[in-house]
$ cat upload08.pdb   # PDB, C-alpha atoms, pLDDT in the B column
ATOM      1  CA  GLY A   1       0.000   0.000   0.000  1.00 55.00           C
ATOM      2  CA  GLU A   2       0.953   3.628   0.036  1.00 63.00           C
ATOM      3  CA  ASP A   3       3.342   4.474   2.853  1.00 84.00           C
ATOM      4  CA  VAL A   4       6.021   6.991   3.736  1.00 91.00           C
ATOM      5  CA  GLU A   5       8.339   6.122   6.612  1.00 93.00           C
ATOM      6  CA  GLN A   6      10.689   8.376   8.543  1.00 94.00           C
ATOM      7  CA  SER A   7      12.288   8.303  11.967  1.00 91.00           C
ATOM      8  CA  LEU A   8      10.477  10.340  14.628  1.00 90.00           C
ATOM      9  CA  PHE A   9      13.371  12.144  16.310  1.00 95.00           C
ATOM     10  CA  LEU A  10      16.808  13.544  15.480  1.00 97.00           C
ATOM     11  CA  SER A  11      19.172  15.526  17.735  1.00 97.00           C
ATOM     12  CA  VAL A  12      22.008  17.537  16.209  1.00 97.00           C
ATOM     13  CA  ARG A  13      24.529  20.004  17.623  1.00 97.00           C
ATOM     14  CA  GLU A  14      24.322  23.578  16.411  1.00 97.00           C
ATOM     15  CA  GLY A  15      26.706  24.065  13.488  1.00 97.00           C
ATOM     16  CA  ASP A  16      26.712  20.383  12.481  1.00 97.00           C
ATOM     17  CA  SER A  17      24.857  18.941   9.492  1.00 97.00           C
ATOM     18  CA  SER A  18      21.445  17.343   9.945  1.00 97.00           C
ATOM     19  CA  VAL A  19      20.375  14.436   7.746  1.00 97.00           C
ATOM     20  CA  ILE A  20      16.735  13.378   7.788  1.00 98.00           C
ATOM     21  CA  ASN A  21      15.884  10.180   5.951  1.00 97.00           C
ATOM     22  CA  CYS A  22      12.677   8.898   4.410  1.00 96.00           C
ATOM     23  CA  THR A  23      11.537   5.832   2.493  1.00 95.00           C
ATOM     24  CA  TYR A  24       8.481   5.630   0.266  1.00 91.00           C
ATOM     25  CA  THR A  25       6.661   2.837  -1.508  1.00 86.00           C
ATOM     26  CA  ASP A  26       5.124   4.173  -4.730  1.00 79.00           C
ATOM     27  CA  SER A  27       7.646   4.030  -7.563  1.00 75.00           C
ATOM     28  CA  SER A  28       5.299   6.054  -9.789  1.00 78.00           C
ATOM     29  CA  SER A  29       5.523   9.180  -7.591  1.00 75.00           C
ATOM     30  CA  THR A  30       6.175  12.266  -9.683  1.00 79.00           C
ATOM     31  CA  TYR A  31       7.287  14.677  -6.969  1.00 86.00           C
ATOM     32  CA  LEU A  32       8.725  14.191  -3.509  1.00 91.00           C
ATOM     33  CA  TYR A  33       8.542  16.953  -0.956  1.00 93.00           C
ATOM     34  CA  TRP A  34       9.956  18.137   2.322  1.00 95.00           C
ATOM     35  CA  TYR A  35       7.683  20.242   4.497  1.00 95.00           C
ATOM     36  CA  LYS A  36       8.669  22.101   7.678  1.00 96.00           C
ATOM     37  CA  GLN A  37       6.320  22.665  10.620  1.00 94.00           C
ATOM     38  CA  GLU A  38       7.347  25.115  13.314  1.00 93.00           C
ATOM     39  CA  PRO A  39       5.595  25.037  16.726  1.00 88.00           C
ATOM     40  CA  GLY A  40       1.981  26.177  16.558  1.00 85.00           C
ATOM     41  CA  ALA A  41       2.043  26.640  12.790  1.00 88.00           C
ATOM     42  CA  GLY A  42       0.936  24.826   9.679  1.00 89.00           C
ATOM     43  CA  LEU A  43       3.214  22.995   7.281  1.00 92.00           C
ATOM     44  CA  GLN A  44       5.283  25.000   4.827  1.00 91.00           C
ATOM     45  CA  LEU A  45       6.813  23.611   1.662  1.00 90.00           C
ATOM     46  CA  LEU A  46      10.581  23.615   2.203  1.00 93.00           C
ATOM     47  CA  THR A  47      11.789  22.028  -0.991  1.00 92.00           C
ATOM     48  CA  TYR A  48      10.832  19.412  -3.553  1.00 90.00           C
ATOM     49  CA  ILE A  49      12.479  17.148  -6.088  1.00 91.00           C
ATOM     50  CA  PHE A  50      11.166  15.797  -9.350  1.00 88.00           C
ATOM     51  CA  SER A  51      11.359  12.028  -9.645  1.00 85.00           C
ATOM     52  CA  ASN A  52      13.765  12.092 -12.605  1.00 86.00           C
ATOM     53  CA  MET A  53      16.383  13.979 -10.570  1.00 88.00           C
ATOM     54  CA  ASP A  54      18.794  12.473  -8.060  1.00 91.00           C
ATOM     55  CA  MET A  55      19.952  15.631  -6.298  1.00 95.00           C
ATOM     56  CA  LYS A  56      18.781  19.171  -5.680  1.00 94.00           C
ATOM     57  CA  GLN A  57      20.655  21.864  -3.769  1.00 95.00           C
ATOM     58  CA  ASP A  58      19.145  25.067  -2.433  1.00 91.00           C
ATOM     59  CA  GLN A  59      21.442  27.136  -0.176  1.00 94.00           C
ATOM     60  CA  ARG A  60      21.887  25.081   3.025  1.00 96.00           C
ATOM     61  CA  LEU A  61      19.503  22.360   1.881  1.00 97.00           C
ATOM     62  CA  THR A  62      20.470  19.298  -0.182  1.00 97.00           C
ATOM     63  CA  VAL A  63      17.903  16.714  -1.257  1.00 97.00           C
ATOM     64  CA  LEU A  64      19.095  13.303  -2.424  1.00 97.00           C
ATOM     65  CA  LEU A  65      16.821  10.824  -4.169  1.00 95.00           C
ATOM     66  CA  ASN A  66      17.644   7.140  -4.711  1.00 93.00           C
ATOM     67  CA  LYS A  67      14.811   5.826  -6.867  1.00 90.00           C
ATOM     68  CA  LYS A  68      16.122   2.268  -6.885  1.00 90.00           C
ATOM     69  CA  ASP A  69      15.907   2.050  -3.090  1.00 92.00           C
ATOM     70  CA  LYS A  70      12.944   4.484  -2.839  1.00 91.00           C
ATOM     71  CA  HIS A  71      14.964   6.569  -0.388  1.00 94.00           C
ATOM     72  CA  LEU A  72      14.837  10.340   0.043  1.00 95.00           C
ATOM     73  CA  SER A  73      17.025  12.422   2.336  1.00 97.00           C
ATOM     74  CA  LEU A  74      17.232  16.054   3.409  1.00 98.00           C
ATOM     75  CA  ARG A  75      20.575  17.451   4.522  1.00 98.00           C
ATOM     76  CA  ILE A  76      20.688  20.782   6.357  1.00 97.00           C
ATOM     77  CA  ALA A  77      24.198  22.214   6.470  1.00 97.00           C
ATOM     78  CA  ASP A  78      25.362  24.369   9.437  1.00 97.00           C
ATOM     79  CA  THR A  79      22.238  23.589  11.478  1.00 97.00           C
ATOM     80  CA  GLN A  80      20.924  26.605  13.400  1.00 96.00           C
ATOM     81  CA  THR A  81      18.457  26.997  16.270  1.00 95.00           C
ATOM     82  CA  GLY A  82      15.847  28.263  13.793  1.00 94.00           C
ATOM     83  CA  ASP A  83      15.940  24.878  12.086  1.00 97.00           C
ATOM     84  CA  SER A  84      14.283  23.282  15.116  1.00 96.00           C
ATOM     85  CA  ALA A  85      10.967  21.969  13.768  1.00 96.00           C
ATOM     86  CA  ILE A  86       9.151  18.872  12.538  1.00 96.00           C
ATOM     87  CA  TYR A  87      10.105  17.856   8.999  1.00 97.00           C
ATOM     88  CA  PHE A  88       7.639  15.886   6.887  1.00 95.00           C
ATOM     89  CA  CYS A  89       8.561  13.808   3.886  1.00 94.00           C
ATOM     90  CA  ALA A  90       5.756  13.454   1.301  1.00 92.00           C
ATOM     91  CA  GLU A  91       5.153  11.847  -2.065  1.00 88.00           C
ATOM     92  CA  SER A  92       2.772  12.902  -4.805  1.00 83.00           C
ATOM     93  CA  MET A  93       0.485  10.105  -5.920  1.00 74.00           C
ATOM     94  CA  MET A  94      -0.984   9.558  -9.390  1.00 67.00           C
ATOM     95  CA  ASN A  95      -4.414  10.284  -7.914  1.00 65.00           C
ATOM     96  CA  ASP A  96      -5.250  13.570  -6.244  1.00 66.00           C
ATOM     97  CA  LYS A  97      -3.490  13.042  -2.961  1.00 76.00           C
ATOM     98  CA  ILE A  98      -0.105  13.632  -1.391  1.00 83.00           C
ATOM     99  CA  ILE A  99       0.953  11.046   1.204  1.00 86.00           C
ATOM    100  CA  PHE A 100       2.846  12.331   4.248  1.00 90.00           C
ATOM    101  CA  GLY A 101       5.218  10.595   6.626  1.00 92.00           C
ATOM    102  CA  LYS A 102       4.675  10.967  10.381  1.00 92.00           C
ATOM    103  CA  GLY A 103       7.333  13.666  10.634  1.00 94.00           C
ATOM    104  CA  THR A 104      10.825  13.873  12.146  1.00 96.00           C
ATOM    105  CA  ARG A 105      11.266  16.223  15.086  1.00 95.00           C
ATOM    106  CA  LEU A 106      14.667  17.940  14.789  1.00 97.00           C
ATOM    107  CA  HIS A 107      16.140  19.048  18.120  1.00 97.00           C
ATOM    108  CA  ILE A 108      19.157  21.358  18.133  1.00 96.00           C
ATOM    109  CA  LEU A 109      21.707  20.921  20.933  1.00 94.00           C
ATOM    110  CA  PRO A 110      23.753  23.986  22.001  1.00 88.00           C
TER     111      PRO A 110
ATOM    112  CA  ASN B 111      -2.735  37.229  -0.777  1.00 59.00           C
ATOM    113  CA  ALA B 112      -3.874  35.622   2.452  1.00 72.00           C
ATOM    114  CA  GLY B 113      -3.320  32.062   1.163  1.00 92.00           C
ATOM    115  CA  VAL B 114      -5.323  29.570   3.235  1.00 95.00           C
ATOM    116  CA  THR B 115      -7.258  30.941   6.212  1.00 96.00           C
ATOM    117  CA  GLN B 116      -8.816  28.751   8.871  1.00 97.00           C
ATOM    118  CA  THR B 117     -11.393  29.853  11.428  1.00 97.00           C
ATOM    119  CA  PRO B 118     -11.580  29.529  14.342  1.00 97.00           C
ATOM    120  CA  LYS B 119      -8.011  29.052  15.585  1.00 95.00           C
ATOM    121  CA  PHE B 120      -9.049  27.501  18.900  1.00 96.00           C
ATOM    122  CA  ARG B 121     -12.262  25.955  20.194  1.00 96.00           C
ATOM    123  CA  VAL B 122     -13.406  23.937  23.193  1.00 97.00           C
ATOM    124  CA  LEU B 123     -16.530  21.822  22.725  1.00 97.00           C
ATOM    125  CA  LYS B 124     -18.558  19.686  25.060  1.00 97.00           C
ATOM    126  CA  THR B 125     -19.229  16.088  24.041  1.00 98.00           C
ATOM    127  CA  GLY B 126     -22.259  15.966  21.750  1.00 97.00           C
ATOM    128  CA  GLN B 127     -22.032  19.579  20.566  1.00 97.00           C
ATOM    129  CA  SER B 128     -21.714  20.402  16.896  1.00 96.00           C
ATOM    130  CA  MET B 129     -19.509  22.878  15.080  1.00 96.00           C
ATOM    131  CA  THR B 130     -18.225  23.854  11.652  1.00 97.00           C
ATOM    132  CA  LEU B 131     -14.642  24.657  10.777  1.00 98.00           C
ATOM    133  CA  LEU B 132     -14.181  27.027   7.871  1.00 97.00           C
ATOM    134  CA  CYS B 133     -11.334  26.995   5.371  1.00 98.00           C
ATOM    135  CA  ALA B 134     -11.011  29.755   2.790  1.00 97.00           C
ATOM    136  CA  GLN B 135      -8.389  30.107   0.048  1.00 96.00           C
ATOM    137  CA  ASP B 136      -7.847  32.997  -2.334  1.00 95.00           C
ATOM    138  CA  MET B 137      -5.490  31.285  -4.796  1.00 92.00           C
ATOM    139  CA  ASN B 138      -8.189  29.809  -7.085  1.00 92.00           C
ATOM    140  CA  HIS B 139      -6.975  26.294  -6.245  1.00 92.00           C
ATOM    141  CA  GLU B 140      -9.102  23.394  -7.444  1.00 92.00           C
ATOM    142  CA  TYR B 141      -8.241  20.877  -4.737  1.00 92.00           C
ATOM    143  CA  MET B 142      -8.859  21.303  -1.024  1.00 95.00           C
ATOM    144  CA  TYR B 143      -8.184  18.932   1.891  1.00 95.00           C
ATOM    145  CA  TRP B 144      -8.921  18.515   5.576  1.00 97.00           C
ATOM    146  CA  TYR B 145      -6.334  16.739   7.765  1.00 96.00           C
ATOM    147  CA  ARG B 146      -6.090  16.051  11.449  1.00 96.00           C
ATOM    148  CA  GLN B 147      -2.742  15.930  13.244  1.00 94.00           C
ATOM    149  CA  ASP B 148      -2.267  13.888  16.399  1.00 92.00           C
ATOM    150  CA  PRO B 149       0.971  13.182  18.309  1.00 84.00           C
ATOM    151  CA  GLY B 150       2.878  10.286  16.750  1.00 80.00           C
ATOM    152  CA  MET B 151       0.247   9.845  14.012  1.00 82.00           C
ATOM    153  CA  GLY B 152       1.385  12.433  11.517  1.00 85.00           C
ATOM    154  CA  LEU B 153      -1.243  13.898   9.193  1.00 90.00           C
ATOM    155  CA  ARG B 154      -4.341  11.850   8.441  1.00 91.00           C
ATOM    156  CA  LEU B 155      -6.664  12.813   5.610  1.00 92.00           C
ATOM    157  CA  ILE B 156     -10.307  13.254   6.664  1.00 96.00           C
ATOM    158  CA  HIS B 157     -12.045  14.418   3.468  1.00 96.00           C
ATOM    159  CA  TYR B 158     -11.010  16.172   0.306  1.00 94.00           C
ATOM    160  CA  SER B 159     -12.499  17.921  -2.706  1.00 95.00           C
ATOM    161  CA  VAL B 160     -11.310  18.086  -6.292  1.00 91.00           C
ATOM    162  CA  GLY B 161     -13.643  20.903  -7.269  1.00 92.00           C
ATOM    163  CA  GLU B 162     -16.696  22.951  -6.400  1.00 95.00           C
ATOM    164  CA  GLY B 163     -19.644  20.720  -5.497  1.00 94.00           C
ATOM    165  CA  THR B 164     -17.517  17.556  -5.108  1.00 95.00           C
ATOM    166  CA  THR B 165     -16.249  15.804  -1.970  1.00 96.00           C
ATOM    167  CA  ALA B 166     -14.584  12.471  -1.243  1.00 94.00           C
ATOM    168  CA  LYS B 167     -13.656  10.447   1.831  1.00 95.00           C
ATOM    169  CA  GLY B 168     -10.113  10.210   3.036  1.00 92.00           C
ATOM    170  CA  GLU B 169      -8.456   7.900   5.529  1.00 89.00           C
ATOM    171  CA  VAL B 170     -10.477   8.836   8.660  1.00 95.00           C
ATOM    172  CA  PRO B 171     -13.878  10.267   7.554  1.00 97.00           C
ATOM    173  CA  ASP B 172     -16.139   8.869  10.296  1.00 97.00           C
ATOM    174  CA  GLY B 173     -17.778  11.510  12.486  1.00 96.00           C
ATOM    175  CA  TYR B 174     -17.111  14.322   9.993  1.00 98.00           C
ATOM    176  CA  ASN B 175     -18.976  15.833   7.065  1.00 97.00           C
ATOM    177  CA  VAL B 176     -17.804  18.371   4.496  1.00 98.00           C
ATOM    178  CA  SER B 177     -19.216  20.711   1.896  1.00 97.00           C
ATOM    179  CA  ARG B 178     -17.699  22.672  -0.997  1.00 97.00           C
ATOM    180  CA  LEU B 179     -20.473  24.931  -2.215  1.00 95.00           C
ATOM    181  CA  LYS B 180     -18.025  27.589  -3.414  1.00 96.00           C
ATOM    182  CA  LYS B 181     -14.613  26.965  -4.949  1.00 96.00           C
ATOM    183  CA  GLN B 182     -12.832  29.087  -2.371  1.00 97.00           C
ATOM    184  CA  ASN B 183     -14.435  27.533   0.736  1.00 97.00           C
ATOM    185  CA  PHE B 184     -14.245  24.049   2.244  1.00 98.00           C
ATOM    186  CA  LEU B 185     -16.259  23.432   5.416  1.00 98.00           C
ATOM    187  CA  LEU B 186     -15.648  20.626   7.916  1.00 98.00           C
ATOM    188  CA  GLY B 187     -18.547  19.743  10.205  1.00 98.00           C
ATOM    189  CA  LEU B 188     -18.693  17.753  13.411  1.00 96.00           C
ATOM    190  CA  GLU B 189     -22.300  16.782  14.063  1.00 93.00           C
ATOM    191  CA  SER B 190     -21.812  15.302  17.547  1.00 96.00           C
ATOM    192  CA  ALA B 191     -18.338  15.918  18.913  1.00 96.00           C
ATOM    193  CA  ALA B 192     -16.496  13.162  20.781  1.00 97.00           C
ATOM    194  CA  PRO B 193     -13.306  13.349  22.897  1.00 97.00           C
ATOM    195  CA  SER B 194     -11.533  11.253  20.220  1.00 96.00           C
ATOM    196  CA  GLN B 195     -11.936  14.237  17.892  1.00 97.00           C
ATOM    197  CA  THR B 196      -9.657  16.354  20.062  1.00 97.00           C
ATOM    198  CA  SER B 197      -6.921  17.249  17.608  1.00 97.00           C
ATOM    199  CA  VAL B 198      -5.330  19.947  15.492  1.00 96.00           C
ATOM    200  CA  TYR B 199      -7.108  20.294  12.159  1.00 97.00           C
ATOM    201  CA  PHE B 200      -5.346  21.563   9.058  1.00 96.00           C
ATOM    202  CA  CYS B 201      -6.842  22.641   5.792  1.00 97.00           C
ATOM    203  CA  ALA B 202      -4.761  22.621   2.613  1.00 94.00           C
ATOM    204  CA  SER B 203      -5.281  23.578  -0.993  1.00 94.00           C
ATOM    205  CA  ARG B 204      -3.500  22.620  -4.169  1.00 89.00           C
ATOM    206  CA  SER B 205      -3.415  23.804  -7.740  1.00 82.00           C
ATOM    207  CA  THR B 206      -3.441  21.455 -10.716  1.00 75.00           C
ATOM    208  CA  SER B 207      -1.495  23.929 -12.819  1.00 70.00           C
ATOM    209  CA  GLY B 208       2.206  24.668 -12.551  1.00 59.00           C
ATOM    210  CA  THR B 209       4.983  22.184 -12.012  1.00 55.00           C
ATOM    211  CA  ILE B 210       5.196  21.755  -8.272  1.00 66.00           C
ATOM    212  CA  HIS B 211       1.653  20.787  -7.265  1.00 64.00           C
ATOM    213  CA  GLY B 212       2.500  21.054  -3.598  1.00 77.00           C
ATOM    214  CA  TYR B 213       0.048  21.950  -0.878  1.00 86.00           C
ATOM    215  CA  THR B 214      -0.526  25.315   0.786  1.00 90.00           C
ATOM    216  CA  PHE B 215      -1.572  24.821   4.403  1.00 93.00           C
ATOM    217  CA  GLY B 216      -3.574  26.926   6.791  1.00 94.00           C
ATOM    218  CA  SER B 217      -2.254  27.609  10.286  1.00 93.00           C
ATOM    219  CA  GLY B 218      -4.567  25.093  11.939  1.00 95.00           C
ATOM    220  CA  THR B 219      -7.523  24.890  14.321  1.00 96.00           C
ATOM    221  CA  ARG B 220      -6.865  23.438  17.750  1.00 96.00           C
ATOM    222  CA  LEU B 221     -10.034  21.658  18.923  1.00 97.00           C
ATOM    223  CA  THR B 222     -10.553  20.214  22.389  1.00 97.00           C
ATOM    224  CA  VAL B 223     -13.632  18.101  23.152  1.00 97.00           C
ATOM    225  CA  VAL B 224     -14.348  17.668  26.853  1.00 97.00           C
TER     226      VAL B 224
END
$ encode --input "upload08.pdb" --output "structure tokens"
Amino acid sequence: GEDVEQSLFLSVREGDSSVINCTYTDSSSTYLYWYKQEPGAGLQLLTYIFSNMDMKQDQRLTVLLNKKDKHLSLRIADTQTGDSAIYFCAESMMNDKIIFGKGTRLHILP
Amino acid sequence: NAGVTQTPKFRVLKTGQSMTLLCAQDMNHEYMYWYRQDPGMGLRLIHYSVGEGTTAKGEVPDGYNVSRLKKQNFLLGLESAAPSQTSVYFCASRSTSGTIHGYTFGSGTRLTVV
């Protein structure tokens, strides 16, 4: 069935790199997304990658896609306190829906 | 542009009471969605709509009804609230044009049923 899996928690020291991983099941997904949710707020689209790409870089963010293993990752370089949030991995289905993972809570250590 | 606006932001209901959550978007998006977010459960789709006058069930539709009489509005109704419906509710909209097709989310409605 349709499923997106990601670990629930990640702790990283300020200034280090954060890597959040995700696996998905539908090989026909056209887009894969990373959303960020700050406390008390809705989800905001952070970045996305088209399924025919294997890497996308946007300032401190790097998205890697391994279609063979159905694995997506988000790397945040030089992690800062403002990066503390829940990060959701999501895949776009052929029907009208986007399937979300349960979210990874990123905690920044001083 | 306001994007997606949800009202109210907070509400406390007694068991058995009814209420309607309103979602309004000003981006002319065709698709609209209602999700609930619970700790450790991620986002679960309640109902969605692919256009004015159409609605469809999502993953957890029981106890909820929806209506999309106007393209810009998507209403979520609770006819008889239960404590299990205590949650944070998010509305989202999505365009079918453009290349990204991601969602735009509202800021959420925190509902407590006592």
$ residues_around --input "upload08.pdb" --residues "Asp136 in chain B" --least-positions-apart "3" --cutoff "12 Å" --atoms "all atoms listed in the file" --output "PyMOL selection string"
chain B and resi 111-115+133+139-140+142+180-184+202-205+214+216
$ write_last_selection --input "upload08.pdb" --atoms "C-alpha atoms" --output "JSON list (two decimals), in the frame of the given file"
[["chain", "number", "residue", "atom", "x", "y", "z"],
["B", 111, "ASN", "CA", -2.74, 37.23, -0.78],
["B", 112, "ALA", "CA", -3.87, 35.62, 2.45],
["B", 113, "GLY", "CA", -3.32, 32.06, 1.16],
["B", 114, "VAL", "CA", -5.32, 29.57, 3.24],
["B", 115, "THR", "CA", -7.26, 30.94, 6.21],
["B", 133, "CYS", "CA", -11.33, 27.00, 5.37],
["B", 139, "HIS", "CA", -6.98, 26.29, -6.24],
["B", 140, "GLU", "CA", -9.10, 23.39, -7.44],
["B", 142, "MET", "CA", -8.86, 21.30, -1.02],
["B", 180, "LYS", "CA", -18.02, 27.59, -3.41],
["B", 181, "LYS", "CA", -14.61, 26.96, -4.95],
["B", 182, "GLN", "CA", -12.83, 29.09, -2.37],
["B", 183, "ASN", "CA", -14.44, 27.53, 0.74],
["B", 184, "PHE", "CA", -14.24, 24.05, 2.24],
["B", 202, "ALA", "CA", -4.76, 22.62, 2.61],
["B", 203, "SER", "CA", -5.28, 23.58, -0.99],
["B", 204, "ARG", "CA", -3.50, 22.62, -4.17],
["B", 205, "SER", "CA", -3.42, 23.80, -7.74],
["B", 214, "THR", "CA", -0.53, 25.32, 0.79],
["B", 216, "GLY", "CA", -3.57, 26.93, 6.79]]
$ interface_residues --input "upload08.pdb" --of "chain B" --to "chain A" --cutoff "7 Å" --atoms "all atoms listed in the file" --output "PyMOL selection string"
chain B and resi 150-153+215-218
$ write_last_selection --input "upload08.pdb" --atoms "C-alpha atoms" --output "mmCIF file, keeping the file's coordinate frame"
data_model
loop_
_atom_site.group_PDB
_atom_site.id
_atom_site.type_symbol
_atom_site.label_atom_id
_atom_site.label_comp_id
_atom_site.auth_asym_id
_atom_site.auth_seq_id
_atom_site.Cartn_x
_atom_site.Cartn_y
_atom_site.Cartn_z
ATOM 1 C CA GLY B 150 2.878 10.286 16.750
ATOM 2 C CA MET B 151 0.247 9.845 14.012
ATOM 3 C CA GLY B 152 1.385 12.433 11.517
ATOM 4 C CA LEU B 153 -1.243 13.898 9.193
ATOM 5 C CA PHE B 215 -1.572 24.821 4.403
ATOM 6 C CA GLY B 216 -3.574 26.926 6.791
ATOM 7 C CA SER B 217 -2.254 27.609 10.286
ATOM 8 C CA GLY B 218 -4.567 25.093 11.939
#
$ resolve_selection --input "upload08.pdb" --expression "the PyMOL selection byres ((chain B and resi 162) around 7)" --output "ChimeraX atom specification"
/B:161,163-164,178-181
$ resolve_selection --input "upload08.pdb" --expression "the PyMOL selection byres ((chain A and resi 28) around 12)" --output "ChimeraX atom specification"
/A:2,24-27,29-32,50-52,67-68,70,91-95
$ atom_distance --input "upload08.pdb" --atom1 "CA of Asp58 in chain A" --atom2 "CA of Met137 in chain B"
25.5 Å
$ resolve_selection --input "upload08.pdb" --expression "the PyMOL selection byres ((chain A and resi 81) around 9)" --output "number ranges by chain"
A: 14, 79-80, 82-84, 107-110
$ atom_distance --input "upload08.pdb" --atom1 "CA of Ser177 in chain B" --atom2 "CA of Ser190 in chain B"
16.8 Å
$ residues_around --input "upload08.pdb" --residues "Val170 in chain B" --least-positions-apart "5" --cutoff "8 Å" --atoms "only C-alpha atoms" --output "PyMOL selection string"
chain B and resi 154-157
$ atom_distance --input "upload08.pdb" --atom1 "CA of Ala191 in chain B" --atom2 "CA of Leu131 in chain B"
12.5 Å
$ closest_residue --input "upload08.pdb" --among "A:Leu10, A:Leu65, A:Val4, A:Val19" --to "Cys89 in chain A" --atoms "all atoms listed in the file"
A:Val4
$ axis_aligned_box --input "upload08.pdb" --around "range 44-50 of chain A" --padding-each-side "4 Å" --output "lines of an AutoDock Vina configuration file"
center_x = 8.9
center_y = 20.4
center_z = -2.3
size_x = 15.2
size_y = 17.2
size_z = 22.2
$ residues_around --input "upload08.pdb" --residues "Lys119 in chain B" --least-positions-apart "2" --cutoff "8 Å" --atoms "only C-alpha atoms" --output "PDB file with C-alpha atoms, in the frame of the given file"
ATOM      1  CA  GLN B 116      -8.816  28.751   8.871  1.00 97.00           C
ATOM      2  CA  THR B 117     -11.393  29.853  11.428  1.00 97.00           C
ATOM      3  CA  ARG B 121     -12.262  25.955  20.194  1.00 96.00           C
ATOM      4  CA  SER B 217      -2.254  27.609  10.286  1.00 93.00           C
ATOM      5  CA  GLY B 218      -4.567  25.093  11.939  1.00 95.00           C
ATOM      6  CA  THR B 219      -7.523  24.890  14.321  1.00 96.00           C
ATOM      7  CA  ARG B 220      -6.865  23.438  17.750  1.00 96.00           C
TER       8      ARG B 220
END
